[in-house]
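*Asks:* Pasting a structure here, questions to come.
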Amino acid sequence: SMAVMGMAEATAALREHVTVARVAEEACSRLSTLAEGEGEFSEPLQRQAVTAVVEAMQAHLQAEDVQTLGCSALHRLTEALSSAGRQAAAEAGAIEATLNAMQAHLQDSVAQVLGLGALTSLCYGHDAAMLRATEGGALRAAVAAMRAHPQDEGLQLMGAQALIHFGKGEANKHRVTEAGGRVVVSAAMEAFPKMKDMGKHLLGVLPLGATANTA
């Protein structure tokens, strides 16, 4: 049974049966649980697991459970990786797999929350990965998640944090505004009083849309 497998076995099972959705789901779940637990795993082992999870996510884009559990596994597996390990995860396609999961399952708030978590652990503090994510549409994805789930306070907070983390630099601030970021941030501030300060900060740094400037 998958429930008792270690990281190497679960990764091998996932690799061997990557086309079977049920196995992909159980293996991603097991890898997520293992990575979150007390055990210490070697970096090469975690990197292999990341690659296998990405391949499973690519094989089952429409399978919601594979995508959400895949995002969860990527989040947990990459939290402990070195800079080189995160770089390897990016090269294996982990950032794109996460963004694709968020886009394919926009109405599933769990997929959005786990996707934002995975993006943060994959990229935060790593300039090359941050650039790859923003070029790949991370800011658009965060705005879309906020727009699709206006009543979910946890998601609104994570989305706003993602806009701050990934929205550094003029080009990215313009990306947020173009995606409709000012509108979702204003709505979140109105719905959730504890988001007032974060929202004020964002509205203070985000440019007004092109229409506002020409009026």
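The chains in the structure tokens are called A, B, ... from first to last as shown; in each chain the residues are counted from 1, and the ligands are counted from 1 in the order shown.
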Please, which residues of segment 68-143 of chain A, numbered as in this document, come out helix (DSSP H, G or I) from DSSP, as a ChimeraX atom specification?
*Replies:* /A:68-79,83-91,94-104,109-123,127-135,138-143
*Asks:* Produce a file of the selected residues containing C-alpha atoms, as a tab-separated table (two decimals), in the first residue's frame.
*Replies:*
```tsv
chain	number	residue	atom	x	y	z
A	68	THR	CA	-4.25	19.91	-5.89
A	69	LEU	CA	-2.22	17.10	-4.29
A	70	GLY	CA	0.57	17.79	-6.77
A	71	CYS	CA	0.66	21.47	-5.72
A	72	SER	CA	0.67	20.40	-2.06
A	73	ALA	CA	3.58	17.99	-2.70
A	74	LEU	CA	5.57	20.63	-4.61
A	75	HIS	CA	5.02	23.14	-1.80
A	76	ARG	CA	6.19	20.70	0.90
A	77	LEU	CA	9.04	19.16	-1.11
A	78	THR	CA	10.60	22.47	-2.18
A	79	GLU	CA	10.36	24.26	1.19
A	83	SER	CA	18.88	27.30	-3.96
A	84	ALA	CA	20.29	24.79	-6.45
A	85	GLY	CA	17.43	22.42	-5.64
A	86	ARG	CA	14.83	25.10	-6.29
A	87	GLN	CA	16.61	25.96	-9.51
A	88	ALA	CA	16.39	22.27	-10.51
A	89	ALA	CA	12.68	22.24	-9.61
A	90	ALA	CA	12.13	25.27	-11.86
A	91	GLU	CA	14.04	23.59	-14.69
A	94	ALA	CA	7.45	22.91	-11.40
A	95	ILE	CA	6.49	26.59	-11.73
A	96	GLU	CA	4.62	26.04	-15.00
A	97	ALA	CA	2.90	22.92	-13.62
A	98	THR	CA	1.64	24.95	-10.64
A	99	LEU	CA	0.40	27.82	-12.82
A	100	ASN	CA	-1.33	25.36	-15.16
A	101	ALA	CA	-3.05	23.70	-12.19
A	102	MET	CA	-4.32	27.07	-10.94
A	103	GLN	CA	-5.59	28.02	-14.37
A	104	ALA	CA	-7.26	24.66	-15.07
A	109	SER	CA	-10.32	27.36	-3.90
A	110	VAL	CA	-8.13	24.55	-2.52
A	111	ALA	CA	-6.22	24.35	-5.82
A	112	GLN	CA	-5.72	28.13	-5.69
A	113	VAL	CA	-4.47	28.16	-2.08
A	114	LEU	CA	-2.14	25.19	-2.60
A	115	GLY	CA	-0.95	26.65	-5.90
A	116	LEU	CA	-0.08	29.99	-4.27
A	117	GLY	CA	1.71	28.09	-1.49
A	118	ALA	CA	3.72	26.09	-4.02
A	119	LEU	CA	4.68	29.20	-5.99
A	120	THR	CA	5.91	30.87	-2.80
A	121	SER	CA	8.09	27.95	-1.70
A	122	LEU	CA	9.37	27.41	-5.25
A	123	CYS	CA	10.32	31.03	-5.85
A	127	ASP	CA	15.38	36.00	-8.43
A	128	ALA	CA	15.58	33.66	-11.42
A	129	ALA	CA	12.59	31.63	-10.23
A	130	MET	CA	10.60	34.79	-9.42
A	131	LEU	CA	11.28	36.06	-12.93
A	132	ARG	CA	10.25	32.73	-14.45
A	133	ALA	CA	7.01	32.80	-12.45
A	134	THR	CA	6.10	36.40	-13.30
A	135	GLU	CA	6.88	35.86	-16.99
A	138	ALA	CA	1.95	34.28	-11.63
A	139	LEU	CA	0.57	37.77	-11.04
A	140	ARG	CA	-2.36	37.17	-13.40
A	141	ALA	CA	-3.00	33.86	-11.60
A	142	ALA	CA	-3.05	35.52	-8.17
A	143	VAL	CA	-5.50	38.20	-9.35
```
*Asks:* Would you mind reading off the distance between atom CA of Gly93 of chain A and atom CA of Val50 of chain A, one decimal, in Å?
*Replies:*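 Pair atom CA of Gly93 of chain A / atom CA of Val50 of chain A returns 9.4 Å.
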*Asks:* For Leu157 of chain A, find every residue with an atom within 10 Å (counting only C-alpha atoms), except residues of its own chain fewer than 2 positions away, and show them as a PyMOL selection string.
*Replies:* chain A and resi 113+146+152-155+159-163+185+188+192+194-195+198-199
*Asks:* So what do you get for atom CA of Arg22 of chain A versus atom CA of His60 of chain A, distance-wise?
*Replies:*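 Atom CA of Arg22 of chain A sits 10.2 Å away from atom CA of His60 of chain A.
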*Asks:* For each of A:Leu206, A:Met7, A:Ala171, A:Leu14, take the minimum atom-to-atom distance to Leu31 of chain A, counting only C-alpha atoms, then give the residue where this is smallest.
*Replies:*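 Once distances to Leu31 of chain A are computed over only C-alpha atoms, the minimum belongs to A:Met7.
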